[in-house]
Amino acid sequence: MNTLVKHMTKQKHIDPRSKLTLGDPVHLMSLGFGSGLSARAPGTVGTLASVPVVSLMHILPLGWYIVWTLFFAVLGVYLCDKTSKDLGVHDHPAIVWDEFVGFMITCIALPIGWAWLLLAFAVFRFFDIVKPWPISAIDARVSGGLGIMLDDIVAGLMSLVVVQTVIFFL
């Protein structure tokens with residue numbers, strides 16, 4: 001019996017991230033090209049890592065920006081589902097592809113400029129961290145890759161409304 005208890009205790013201390021490899025394209029993307037492996041605030045670091053991607057996407061016409069964002073959202077359901085299964089943990093903090101997509105949504109039709117990017121970043125991080133309703137309800141009730149993605153998609157949509165409202169009034 002003691003051997004079983006020791007084995008179970010030992011298992012709890014194994015970092016699930018040891019099951020991942022950045023050589024696997026699914027893991028590489030779902031971990032935000034490695035940014036999700038940050039020891040502190042992986043969601044914030046993942047969102048920061050998405051800034052260059054969003055900035056490059058802004059050279060696209062708005063319609064194509066939206067098409068690519070939708071593509072990345074659908075792809076994210078698969079990426080996040082597979083990686084969470086590989087980790088054996090639902091919505092592990094290292095999975096940050098959902099932050100990438102949430103921030104892409106927040107930045108739809110965002111004017112060019114660091115001040116706007118900073119505003120979008122702060123508003124998205126607020127909604128992603130605080131998780132007001134309906135984000136908290138989605139986070140609690142929807143599982144799998146869809147659940148991992150959906151709460152950040154809704155956070156991105158709520159952030160988009162706030163940011164666009166600020167832009168409208170300024």
# chains A, B, ... in the order shown; residues from 1 in each chain; ligands from 1
>>> residues_around(residues="Ile112 of chain A", least_positions_apart="5", cutoff="12 Å", atoms="only C-alpha atoms", output="MDAnalysis selection string")
chainID A and resid 54:59 107 117:120 167
>>> atom_distance(atom1="atom CA of Ser84 of chain A", atom2="atom CA of Gly144 of chain A")
7.8 Å
>>> closest_residue(among="A:Ile105, A:Val166, A:Leu28, A:Ile135", to="Ile148 of chain A", atoms="only C-alpha atoms")
A:Ile135
>>> atom_distance(atom1="atom CA of Val123 of chain A", atom2="atom CA of Val162 of chain A")
7.6 Å
>>> atom_distance(atom1="atom CA of Leu157 of chain A", atom2="atom CA of Leu87 of chain A")
28.2 Å
>>> residues_around(residues="Gln164 of chain A", least_positions_apart="3", cutoff="9 Å", atoms="only C-alpha atoms", output="list in words")
Thr106, Ile108, Ala109, Leu110, Ser159, Leu160, Val161, Ile167, Phe168 and Phe169 of chain A
>>> closest_residue(among="A:Asp24, A:Asp128, A:Asp15, A:Asp81", to="Leu37 of chain A", atoms="only C-alpha atoms")
A:Asp15
